[in-house]
file structure.csv (CSV, C-alpha atoms and all ligand atoms)
chain,number,residue,atom,x,y,z
J,15,MET,CA,-11.9,-16.8,-38.3
J,16,GLY,CA,-15.5,-18.2,-38.6
J,17,GLN,CA,-17.0,-20.2,-35.8
J,18,THR,CA,-17.2,-24.0,-36.0
J,19,ILE,CA,-20.4,-25.9,-35.9
J,20,SER,CA,-19.6,-27.2,-32.4
J,21,SER,CA,-18.9,-23.7,-31.1
J,22,ILE,CA,-22.2,-22.4,-32.5
J,23,VAL,CA,-24.0,-25.4,-30.9
J,24,SER,CA,-22.3,-24.5,-27.6
J,25,ASP,CA,-23.4,-20.8,-28.0
J,26,VAL,CA,-27.0,-21.9,-28.7
J,27,ARG,CA,-27.0,-23.9,-25.5
J,28,VAL,CA,-25.8,-20.9,-23.5
J,29,LEU,CA,-28.3,-18.5,-25.2
J,30,ALA,CA,-31.2,-21.0,-24.6
J,31,ASN,CA,-30.1,-21.1,-21.0
J,32,LEU,CA,-30.0,-17.3,-20.7
J,33,ALA,CA,-33.4,-17.0,-22.3
J,34,MET,CA,-35.0,-19.5,-19.9
J,35,ALA,CA,-33.4,-18.1,-16.8
J,36,PRO,CA,-36.1,-15.6,-16.0
J,37,PHE,CA,-38.8,-18.4,-16.1
J,38,ARG,CA,-36.9,-21.0,-14.0
J,39,HIS,CA,-37.6,-21.5,-10.3
J,40,ALA,CA,-34.2,-20.6,-9.2
J,41,GLY,CA,-33.9,-21.4,-5.5
J,42,GLU,CA,-34.2,-19.8,-2.1
J,43,SER,CA,-30.6,-18.6,-1.5
J,44,HIS,CA,-28.2,-16.6,-3.7
J,45,LYS,CA,-25.9,-19.6,-4.0
J,46,GLU,CA,-28.8,-21.8,-5.1
J,47,ARG,CA,-29.9,-19.3,-7.7
J,48,LEU,CA,-26.3,-19.0,-9.0
J,49,GLU,CA,-26.0,-22.7,-9.3
J,50,ALA,CA,-29.3,-23.1,-11.0
J,51,PHE,CA,-28.3,-20.4,-13.5
J,52,TYR,CA,-24.8,-21.8,-14.3
J,53,GLN,CA,-25.3,-25.5,-13.8
J,54,ALA,CA,-26.2,-26.3,-17.4
J,55,GLN,CA,-23.8,-23.8,-19.0
J,56,ALA,CA,-20.7,-24.3,-16.9
J,57,GLY,CA,-19.0,-26.4,-19.7
J,58,ASP,CA,-19.8,-23.8,-22.4
J,59,TYR,CA,-19.1,-20.7,-20.1
J,60,ASP,CA,-15.6,-19.8,-21.2
J,61,ALA,CA,-16.2,-19.8,-25.0
J,62,PHE,CA,-19.3,-17.6,-24.9
J,63,ARG,CA,-18.1,-15.3,-22.3
J,64,LYS,CA,-14.8,-14.7,-24.1
J,65,ARG,CA,-16.7,-12.6,-26.6
J,66,LEU,CA,-19.3,-11.2,-24.2
J,67,LEU,CA,-17.1,-10.1,-21.3
J,68,GLN,CA,-14.7,-7.7,-22.8
J,69,GLY,CA,-11.7,-6.0,-21.1
J,70,ARG,CA,-10.7,-8.9,-18.9
J,71,GLU,CA,-7.4,-9.6,-20.6
J,72,GLU,CA,-6.6,-5.9,-20.5
J,73,LEU,CA,-7.4,-5.7,-16.8
J,74,MET,CA,-5.2,-8.7,-16.1
J,75,ALA,CA,-2.3,-7.2,-18.0
J,76,GLU,CA,-2.8,-3.8,-16.3
J,77,ALA,CA,-3.1,-5.4,-12.8
J,78,LYS,CA,0.1,-7.5,-13.5
J,79,ALA,CA,2.0,-4.4,-14.6
J,80,ALA,CA,0.8,-2.3,-11.6
J,81,HIS,CA,1.4,-5.1,-9.1
J,82,GLY,CA,4.6,-6.7,-10.1
J,83,GLU,CA,5.6,-10.0,-8.5
J,84,GLY,CA,5.0,-11.9,-5.3
J,85,GLY,CA,2.3,-11.5,-2.6
J,86,ILE,CA,-1.2,-12.7,-2.5
J,87,TRP,CA,-3.8,-12.3,-5.3
J,88,VAL,CA,-7.5,-12.9,-4.6
J,89,ASP,CA,-9.9,-13.2,-7.6
J,90,LEU,CA,-13.4,-12.6,-6.1
J,91,GLY,CA,-16.3,-14.2,-8.0
J,92,GLY,CA,-13.6,-15.9,-10.1
J,93,GLY,CA,-15.9,-18.5,-11.7
J,94,THR,CA,-14.1,-20.9,-14.0
J,95,GLY,CA,-10.7,-19.3,-13.5
J,96,ALA,CA,-10.6,-17.7,-16.9
J,97,ASN,CA,-8.8,-14.7,-15.4
J,98,LEU,CA,-6.0,-16.9,-14.2
J,99,GLU,CA,-5.5,-18.2,-17.7
J,100,MET,CA,-5.4,-14.6,-18.9
J,101,MET,CA,-2.9,-13.6,-16.2
J,102,GLY,CA,-0.6,-16.3,-17.6
J,103,ASP,CA,1.5,-19.2,-16.1
J,104,GLU,CA,4.5,-17.1,-15.3
J,105,ALA,CA,2.6,-14.5,-13.4
J,106,ILE,CA,0.5,-17.0,-11.6
J,107,MET,CA,3.6,-18.9,-10.4
J,108,SER,CA,5.2,-15.6,-9.3
J,109,PHE,CA,2.5,-15.1,-6.6
J,110,ALA,CA,3.1,-16.6,-3.2
J,111,LYS,CA,-0.6,-17.6,-3.2
J,112,VAL,CA,-3.6,-17.1,-5.4
J,113,TYR,CA,-7.2,-17.6,-4.1
J,114,LEU,CA,-10.1,-18.0,-6.5
J,115,VAL,CA,-13.3,-17.4,-4.5
J,116,ASP,CA,-16.8,-18.1,-5.8
J,117,LEU,CA,-20.1,-19.3,-4.5
J,118,CYS,CA,-21.0,-21.4,-7.6
J,119,GLY,CA,-20.0,-25.1,-7.3
J,120,PRO,CA,-20.4,-26.0,-11.1
J,121,LEU,CA,-18.1,-23.1,-12.2
J,122,LEU,CA,-15.5,-23.9,-9.5
J,123,GLU,CA,-15.4,-27.5,-10.9
J,124,VAL,CA,-14.1,-26.1,-14.2
J,125,ALA,CA,-11.6,-23.9,-12.3
J,126,ARG,CA,-10.3,-26.9,-10.3
J,127,LYS,CA,-9.8,-28.9,-13.4
J,128,ARG,CA,-8.0,-26.0,-15.1
J,129,CYS,CA,-5.6,-25.6,-12.1
J,130,GLU,CA,-4.8,-29.3,-12.1
J,131,GLU,CA,-4.2,-29.3,-15.9
J,132,ARG,CA,-1.9,-26.2,-15.6
J,133,GLY,CA,-0.1,-27.4,-12.5
J,134,TRP,CA,-0.9,-24.2,-10.5
J,135,HIS,CA,-0.2,-25.6,-7.1
J,136,ASN,CA,-0.2,-22.2,-5.5
J,137,VAL,CA,-3.8,-21.6,-6.4
J,138,GLN,CA,-6.5,-22.4,-3.9
J,139,ILE,CA,-10.1,-22.7,-5.0
J,140,VAL,CA,-12.6,-21.6,-2.4
J,141,GLU,CA,-16.3,-22.1,-2.4
J,142,ASP,CA,-17.5,-19.1,-0.4
J,143,ASP,CA,-19.1,-15.7,-0.4
J,144,ALA,CA,-17.0,-12.8,-1.6
J,145,THR,CA,-18.6,-10.5,0.9
J,146,THR,CA,-17.5,-12.4,3.9
J,147,TRP,CA,-14.7,-14.9,3.2
J,148,VAL,CA,-11.4,-14.2,4.9
J,149,PRO,CA,-8.1,-15.9,3.9
J,150,GLU,CA,-6.1,-17.9,6.5
J,151,GLU,CA,-3.6,-15.0,6.4
J,152,GLY,CA,-6.3,-12.7,7.8
J,153,TYR,CA,-7.4,-9.1,7.1
J,154,GLY,CA,-5.0,-6.6,5.6
J,155,GLN,CA,-2.7,-9.1,4.0
J,156,VAL,CA,-3.8,-9.3,0.3
J,157,ASN,CA,-1.8,-7.4,-2.3
J,158,LEU,CA,-4.2,-7.7,-5.3
J,159,ILE,CA,-7.9,-8.2,-5.5
J,160,THR,CA,-9.9,-8.6,-8.8
J,161,PHE,CA,-13.6,-8.6,-9.6
J,162,SER,CA,-14.3,-9.4,-13.2
J,163,TYR,CA,-18.0,-9.2,-14.1
J,164,SER,CA,-18.8,-10.4,-10.6
J,165,LEU,CA,-19.7,-7.1,-8.8
J,166,THR,CA,-22.9,-6.9,-11.0
J,167,MET,CA,-23.8,-10.4,-9.8
J,168,ILE,CA,-23.2,-9.8,-6.1
J,169,PRO,CA,-26.4,-8.5,-4.6
J,170,ASP,CA,-24.6,-6.5,-1.8
J,171,TRP,CA,-21.9,-5.1,-4.0
J,172,TYR,CA,-21.2,-2.4,-1.4
J,173,ALA,CA,-20.3,-5.1,1.1
J,174,ALA,CA,-18.1,-6.8,-1.5
J,175,ILE,CA,-16.1,-3.6,-2.0
J,176,GLU,CA,-15.9,-2.8,1.7
J,177,HIS,CA,-14.8,-6.3,2.4
J,178,ALA,CA,-12.2,-6.2,-0.4
J,179,ALA,CA,-10.8,-3.0,1.1
J,180,ALA,CA,-10.6,-4.7,4.5
J,181,LEU,CA,-8.7,-7.7,3.0
J,182,LEU,CA,-6.2,-5.5,1.1
J,183,ALA,CA,-2.8,-4.6,2.6
J,184,PRO,CA,-2.1,-0.8,2.7
J,185,GLY,CA,-1.0,0.1,-0.8
J,186,GLY,CA,-2.7,-3.1,-2.2
J,187,LEU,CA,-4.5,-2.9,-5.5
J,188,ILE,CA,-8.0,-3.6,-6.6
J,189,GLY,CA,-8.9,-4.2,-10.2
J,190,THR,CA,-12.5,-4.4,-11.5
J,191,VAL,CA,-14.0,-4.9,-14.9
J,192,ASP,CA,-17.8,-5.0,-15.5
J,193,PHE,CA,-20.8,-3.7,-17.3
J,194,TYR,CA,-22.3,-0.5,-16.0
J,195,VAL,CA,-24.2,2.6,-17.0
J,196,ALA,CA,-23.3,6.2,-16.4
J,197,ARG,CA,-25.3,8.5,-14.2
J,198,LYS,CA,-27.5,10.8,-16.1
J,199,HIS,CA,-25.1,13.6,-15.3
J,200,PRO,CA,-21.7,11.9,-15.0
J,201,ALA,CA,-18.7,13.6,-13.3
J,202,GLU,CA,-16.6,15.7,-15.6
J,203,GLY,CA,-14.4,13.6,-17.9
J,204,MET,CA,-16.5,10.5,-17.5
J,205,ALA,CA,-18.5,8.9,-20.4
J,206,LYS,CA,-22.1,9.9,-21.1
J,207,HIS,CA,-24.6,7.2,-22.2
J,208,SER,CA,-27.8,7.7,-24.1
J,209,TRP,CA,-31.2,7.3,-22.5
J,210,LEU,CA,-31.6,4.0,-24.4
J,211,GLN,CA,-28.2,2.7,-23.1
J,212,ARG,CA,-29.1,3.7,-19.5
J,213,THR,CA,-32.5,2.2,-19.5
J,214,PHE,CA,-32.4,-0.8,-21.9
J,215,TRP,CA,-29.2,-2.6,-20.7
J,216,PRO,CA,-30.0,-2.6,-16.9
J,217,THR,CA,-33.5,-4.0,-17.8
J,218,TRP,CA,-32.1,-6.6,-20.2
J,219,PHE,CA,-29.4,-7.9,-17.8
J,220,LEU,CA,-31.7,-7.9,-14.8
J,221,MET,CA,-33.6,-10.8,-16.5
J,222,ASP,CA,-30.6,-12.9,-15.6
J,223,ASP,CA,-30.2,-11.2,-12.2
J,224,VAL,CA,-27.2,-9.2,-13.4
J,225,ARG,CA,-27.5,-5.6,-12.0
J,226,LEU,CA,-25.8,-2.9,-14.1
J,227,ASN,CA,-25.2,0.0,-11.8
J,228,MET,CA,-24.5,3.7,-12.2
J,229,ASP,CA,-22.8,3.9,-8.8
J,230,HIS,CA,-20.0,1.2,-9.1
J,231,VAL,CA,-17.4,3.6,-10.7
J,232,PRO,CA,-18.2,6.6,-8.5
J,233,TYR,CA,-18.0,4.4,-5.4
J,234,LEU,CA,-14.7,2.8,-6.4
J,235,LEU,CA,-13.3,6.2,-7.1
J,236,ARG,CA,-14.4,7.4,-3.7
J,237,LYS,CA,-13.0,4.4,-1.9
J,238,PHE,CA,-9.6,3.9,-3.6
J,239,GLN,CA,-6.9,6.1,-4.9
J,240,LYS,CA,-7.3,5.9,-8.7
J,241,VAL,CA,-4.6,4.3,-10.8
J,242,ALA,CA,-6.6,4.0,-14.0
J,243,VAL,CA,-10.2,4.1,-15.2
J,244,VAL,CA,-11.1,3.1,-18.8
J,245,GLU,CA,-14.6,3.2,-20.1
J,246,GLY,CA,-15.6,1.3,-23.3
J,247,LEU,CA,-18.5,-0.1,-25.3
J,248,ALA,CA,-19.0,-3.8,-26.2
J,249,GLN,CA,-21.1,-5.4,-28.8
J,250,VAL,CA,-23.1,-8.3,-27.5
J,251,PRO,CA,-22.6,-11.5,-29.6
J,252,TYR,CA,-25.4,-12.3,-32.2
J,253,ILE,CA,-27.9,-9.6,-31.2
J,254,GLY,CA,-25.4,-6.7,-30.9
J,255,TRP,CA,-25.8,-5.3,-34.4
J,256,LEU,CA,-29.5,-4.6,-33.6
J,257,LEU,CA,-28.8,-2.8,-30.3
J,258,PRO,CA,-26.8,0.1,-28.8
J,259,LYS,CA,-23.4,-1.1,-27.5
J,260,VAL,CA,-23.3,-2.1,-23.8
J,261,PRO,CA,-21.0,0.1,-21.7
J,262,TYR,CA,-18.3,-1.5,-19.6
J,263,TYR,CA,-15.4,-0.1,-17.5
J,264,ARG,CA,-12.1,-1.1,-16.1
J,265,PHE,CA,-10.8,0.3,-12.8
J,266,ILE,CA,-7.6,-0.1,-11.0
J,267,GLY,CA,-7.2,1.5,-7.6
J,268,LYS,CA,-4.9,1.5,-4.7
J,269,LEU,CA,-5.8,1.3,-1.0
J,270,GLU,CA,-4.7,4.4,0.7
J,271,LEU,CA,-3.0,4.5,4.1
J,272,PRO,CA,-5.8,3.7,6.7
J,273,GLU,CA,-7.2,6.7,8.7
J,274,HIS,CA,-5.8,5.4,12.0
J,275,GLU,CA,-2.2,5.2,10.6
J,276,GLU,CA,-2.6,8.9,9.6
J,277,GLU,CA,-3.8,9.6,13.2
J,278,GLU,CA,-0.7,7.8,14.6
J,279,ASP,CA,1.4,10.0,12.4
J,280,ASP,CA,-0.4,13.1,13.8
J,281,ALA,CA,0.3,11.8,17.3
J,282,ALA,CA,4.0,11.5,16.5
J,283,VAL,CA,4.0,15.1,15.5
J,284,ILE,CA,2.5,16.2,18.8
J,285,LYS,CA,4.9,14.1,20.8
J,286,LEU,CA,8.0,15.7,19.3
J,287,PRO,CA,9.3,18.8,21.0
J,288,PRO,CA,8.8,21.9,18.9
J,289,ALA,CA,12.5,22.2,18.2
J,290,ALA,CA,12.6,18.7,16.8
J,291,ALA,CA,9.8,19.5,14.4
J,292,SER,CA,11.8,22.4,13.1
J,293,GLY,CA,15.1,20.6,12.6
J,294,LYS,CA,17.0,22.2,15.4
J,295,LYS,CA,19.2,20.5,18.1
J,296,VAL,CA,16.9,19.4,21.0
J,297,LYS,CA,17.2,18.9,24.7
J,298,ALA,CA,16.2,15.6,26.3
J,299,ALA,CA,13.5,15.5,29.0
J,300,GLY,CA,16.1,15.9,31.8
J,301,GLY,CA,17.5,19.0,30.2
J,302,LYS,CA,20.6,17.3,28.8
J,303,LYS,CA,21.5,18.6,25.3
J,304,LEU,CA,21.3,15.9,22.7
J,305,ASP,CA,24.2,15.5,20.3
J,306,ILE,CA,22.1,14.8,17.3
J,307,GLU,CA,20.4,16.9,14.6
J,308,VAL,CA,16.7,15.9,14.3
J,309,PRO,CA,15.5,16.2,10.8
J,310,THR,CA,12.5,18.3,10.0
J,311,PHE,CA,9.5,16.0,10.6
J,312,GLN,CA,7.1,15.8,7.8
J,313,LYS,CA,3.9,13.8,8.0
J,314,PRO,CA,3.9,11.3,5.1
J,315,ARG,CA,1.2,12.0,2.6
J,316,MET,CA,-0.1,9.7,-0.2
J,317,VAL,CA,0.3,11.4,-3.5
J,318,ARG,CA,-2.5,10.9,-5.9
J,319,GLN,CA,-1.5,9.3,-9.2
J,320,GLY,CA,-3.2,9.4,-12.6
J,321,SER,CA,-5.6,12.3,-11.8
J,322,SER,CA,-7.1,12.2,-15.3
J,323,VAL,CA,-9.4,9.6,-16.8
J,324,ASN,CA,-7.3,7.5,-19.1
Q,1,LIG,C1,-20.4,-13.3,-14.8
Q,1,LIG,S1,-19.6,-14.4,-13.7
Q,1,LIG,C2,-17.9,-13.9,-13.9
Q,1,LIG,C3,-16.9,-15.0,-13.6
Q,1,LIG,C4,-15.5,-14.6,-13.8
Q,1,LIG,N1,-15.0,-13.6,-12.9
Q,1,LIG,C5,-15.2,-14.3,-15.2
Q,1,LIG,O1,-14.8,-13.2,-15.5
Q,1,LIG,O2,-15.4,-15.1,-16.1
Q,1,LIG,C6,-20.0,-13.8,-12.1
Q,1,LIG,C7,-19.5,-14.7,-11.0
Q,1,LIG,O3,-19.7,-14.1,-9.7
Q,1,LIG,C8,-20.0,-15.2,-8.8
Q,1,LIG,N2,-20.7,-14.6,-7.6
Q,1,LIG,C9,-21.9,-14.0,-7.6
Q,1,LIG,N3,-22.2,-13.6,-6.3
Q,1,LIG,C10,-21.1,-14.1,-5.5
Q,1,LIG,C11,-20.8,-14.0,-4.2
Q,1,LIG,N4,-21.6,-13.4,-3.3
Q,1,LIG,N5,-19.7,-14.6,-3.7
Q,1,LIG,C12,-18.8,-15.2,-4.6
Q,1,LIG,N6,-19.0,-15.2,-5.9
Q,1,LIG,C13,-20.2,-14.7,-6.4
Q,1,LIG,C14,-20.9,-16.1,-9.7
Q,1,LIG,O4,-21.0,-17.4,-9.2
Q,1,LIG,C15,-20.1,-16.1,-11.0
Q,1,LIG,O5,-19.1,-17.0,-11.0

call {"tool": "encode", "arguments": {"input": "structure.csv", "output": "structure tokens", "more": "lines below"}}
Ligand SMILES: C[S@@+](CC[C@H](N)C(=O)[O-])C[C@H]1O[C@@H](n2cnc3c(N)ncnc32)[C@H](O)[C@@H]1O
result
Amino acid sequence: MGQTISSIVSDVRVLANLAMAPFRHAGESHKERLEAFYQAQAGDYDAFRKRLLQGREELMAEAKAAHGEGGIWVDLGGGTGANLEMMGDEAIMSFAKVYLVDLCGPLLEVARKRCEERGWHNVQIVEDDATTWVPEEGYGQVNLITFSYSLTMIPDWYAAIEHAAALLAPGGLIGTVDFYVARKHPAEGMAKHSWLQRTFWPTWFLMDDVRLNMDHVPYLLRKFQKVAVVEGLAQVPYIGWLLPKVPYYRFIGKLELPEHEEEEDDAAVIKLPPAAASGKKVKAAGGKKLDIEVPTFQKPRMVRQGSSVN
């Protein structure tokens, strides 16, 4: 279906804003710069980004399928709450709690309005930094964390990923979708991008302080147990036919058992008498024979899923 005049006018406002961004005095702090960037385009944000930011609906569907129901979902750098819309009413209401965290006041206003209109009483809108904010439930309590097109806008994206890992409960899921570029020599099975893609797009997006990075995917793969990685190419609205497509990825990963829990398991092995570890009848410390068969002790191991790029 073709675009209406009002949607074209809305797009022109966004494009004018994006074009002016590099020349604007944007503020001293990251929050001020984000607000200066988004202030004038907050109302038009969703319509334009729907075509620019591809893969968000797929990520929400995959995260929903991998996570199931209940628990806590945190959308970090969640902006206007478009992801919540894509997750759908039923899924939203199935969570015990949903937090949408973002630093940008004008975008959060849109999210607040959306939550009121949809009656999502279990969603809490939080104006805070994704690299430091902690929910009232504390660390290690979140079941699903998503970043959609926010890692490229968070200057210390390492801190954002580290912090997300600290917030996740063991076995919790992280889902990210974003633009990126491949390393010059990507790992086997990963997409290769042309020299033009690897140089043009990071320079282009940097004008709006969006940092496409060749290390996001390798770092996520190192940090989490891979559930799925999908690499794709998107056409940028209006100018896309002139240019190479911009690479984007989706990643879903699982937080593995923390190191110290594995150490505790190791300690349990050491504490058991040798006979217990081999499944034989054992004697108690005082020499009294125990009347039970101790099953062979096996240290639990996390099994890697989805070892191929899919
Ligand atoms: C391109 S927008 C994506 C918004 C939303 N996730 C979506 O898919 O429509 C990037 C978002 O990251 C937010 N952001 C950037 N740095 C942040 C930080 N340190 N803490 C929280 N949010 C941040 C911005 O305010 C913005 O809303």

call {"tool": "closest_residue", "arguments": {"input": "structure.csv", "among": "J:Asp223, J:Glu76, J:Glu270, J:Asp229", "to": "ligand LIG 1 (chain Q)", "atoms": "all atoms listed in the file"}}
result
J:Asp223

call {"tool": "closest_atom_pairs", "arguments": {"input": "structure.csv", "of": "range 65-121 of chain J", "to": "range 151-167 of chain J", "cutoff": "7 Å", "atoms": "all atoms listed in the file", "output": "CSV"}}
result
residue,atom,partner,partner_atom,distance
J:Arg70,CA,J:Ser162,CA,6.8
J:Gly85,CA,J:Asn157,CA,5.8
J:Ile86,CA,J:Val156,CA,5.1
J:Trp87,CA,J:Leu158,CA,4.6
J:Val88,CA,J:Ile159,CA,4.8
J:Asp89,CA,J:Thr160,CA,4.8
J:Leu90,CA,J:Phe161,CA,5.3
J:Gly91,CA,J:Ser164,CA,5.2

call {"tool": "axis_aligned_box", "arguments": {"input": "structure.csv", "around": "ligand LIG 1 (chain Q)", "padding_each_side": "3 Å", "output": "JSON"}}
result
{"center_x": -18.5, "center_y": -15.3, "center_z": -9.7, "size_x": 13.4, "size_y": 10.2, "size_z": 18.8}

call {"tool": "closest_residue", "arguments": {"input": "structure.csv", "among": "J:Val195, J:Ala201, J:Ala56, J:Ile266", "to": "Arg225 in chain J", "atoms": "only C-alpha atoms"}}
result
J:Val195

call {"tool": "closest_residue", "arguments": {"input": "structure.csv", "among": "J:Val224, J:Ile106, J:Ile175, J:Leu181", "to": "ligand LIG 1 (chain Q)", "atoms": "only C-alpha atoms and all ligand atoms"}}
result
J:Val224

call {"tool": "closest_residue", "arguments": {"input": "structure.csv", "among": "J:Glu176, J:Glu49, J:Glu131, J:Glu245", "to": "ligand LIG 1 (chain Q)", "atoms": "all atoms listed in the file"}}
result
J:Glu49

call {"tool": "build_atoms", "arguments": {"input": "structure.csv", "residues": "range 219-234 of chain J", "atoms": "N, CA and C atoms", "output": "PDB file, in the frame of the given file"}}
result
ATOM      1  N   PHE J 219     -30.260  -7.025 -18.653  1.00  0.00           N
ATOM      2  CA  PHE J 219     -29.400  -7.900 -17.800  1.00  0.00           C
ATOM      3  C   PHE J 219     -30.103  -8.357 -16.552  1.00  0.00           C
ATOM      4  N   LEU J 220     -31.036  -7.536 -16.067  1.00  0.00           N
ATOM      5  CA  LEU J 220     -31.700  -7.900 -14.800  1.00  0.00           C
ATOM      6  C   LEU J 220     -32.538  -9.203 -15.019  1.00  0.00           C
ATOM      7  N   MET J 221     -32.917  -9.514 -16.254  1.00  0.00           N
ATOM      8  CA  MET J 221     -33.600 -10.800 -16.500  1.00  0.00           C
ATOM      9  C   MET J 221     -32.804 -11.966 -16.044  1.00  0.00           C
ATOM     10  N   ASP J 222     -31.468 -11.816 -16.103  1.00  0.00           N
ATOM     11  CA  ASP J 222     -30.600 -12.900 -15.600  1.00  0.00           C
ATOM     12  C   ASP J 222     -29.981 -12.537 -14.270  1.00  0.00           C
ATOM     13  N   ASP J 223     -30.616 -11.620 -13.555  1.00  0.00           N
ATOM     14  CA  ASP J 223     -30.200 -11.200 -12.200  1.00  0.00           C
ATOM     15  C   ASP J 223     -28.798 -10.577 -12.212  1.00  0.00           C
ATOM     16  N   VAL J 224     -28.477  -9.938 -13.322  1.00  0.00           N
ATOM     17  CA  VAL J 224     -27.200  -9.200 -13.400  1.00  0.00           C
ATOM     18  C   VAL J 224     -27.597  -7.702 -13.310  1.00  0.00           C
ATOM     19  N   ARG J 225     -27.006  -7.009 -12.305  1.00  0.00           N
ATOM     20  CA  ARG J 225     -27.500  -5.600 -12.000  1.00  0.00           C
ATOM     21  C   ARG J 225     -26.452  -4.587 -12.429  1.00  0.00           C
ATOM     22  N   LEU J 226     -26.693  -4.028 -13.621  1.00  0.00           N
ATOM     23  CA  LEU J 226     -25.800  -2.900 -14.100  1.00  0.00           C
ATOM     24  C   LEU J 226     -26.104  -1.724 -13.209  1.00  0.00           C
ATOM     25  N   ASN J 227     -25.057  -1.023 -12.817  1.00  0.00           N
ATOM     26  CA  ASN J 227     -25.200   0.000 -11.800  1.00  0.00           C
ATOM     27  C   ASN J 227     -24.518   1.287 -12.169  1.00  0.00           C
ATOM     28  N   MET J 228     -25.141   2.408 -11.854  1.00  0.00           N
ATOM     29  CA  MET J 228     -24.500   3.700 -12.200  1.00  0.00           C
ATOM     30  C   MET J 228     -23.572   4.153 -11.046  1.00  0.00           C
ATOM     31  N   ASP J 229     -23.556   3.418  -9.933  1.00  0.00           N
ATOM     32  CA  ASP J 229     -22.800   3.900  -8.800  1.00  0.00           C
ATOM     33  C   ASP J 229     -21.462   3.089  -8.564  1.00  0.00           C
ATOM     34  N   HIS J 230     -21.239   2.006  -9.338  1.00  0.00           N
ATOM     35  CA  HIS J 230     -20.000   1.200  -9.100  1.00  0.00           C
ATOM     36  C   HIS J 230     -18.754   2.111  -9.282  1.00  0.00           C
ATOM     37  N   VAL J 231     -18.679   2.792 -10.407  1.00  0.00           N
ATOM     38  CA  VAL J 231     -17.400   3.600 -10.700  1.00  0.00           C
ATOM     39  C   VAL J 231     -17.290   4.720  -9.695  1.00  0.00           C
ATOM     40  N   PRO J 232     -18.346   5.528  -9.475  1.00  0.00           N
ATOM     41  CA  PRO J 232     -18.200   6.600  -8.500  1.00  0.00           C
ATOM     42  C   PRO J 232     -17.764   6.092  -7.110  1.00  0.00           C
ATOM     43  N   TYR J 233     -18.322   4.936  -6.706  1.00  0.00           N
ATOM     44  CA  TYR J 233     -18.000   4.400  -5.400  1.00  0.00           C
ATOM     45  C   TYR J 233     -16.535   3.924  -5.321  1.00  0.00           C
ATOM     46  N   LEU J 234     -16.103   3.256  -6.384  1.00  0.00           N
ATOM     47  CA  LEU J 234     -14.700   2.800  -6.400  1.00  0.00           C
ATOM     48  C   LEU J 234     -13.757   3.987  -6.389  1.00  0.00           C
TER      49      LEU J 234
END
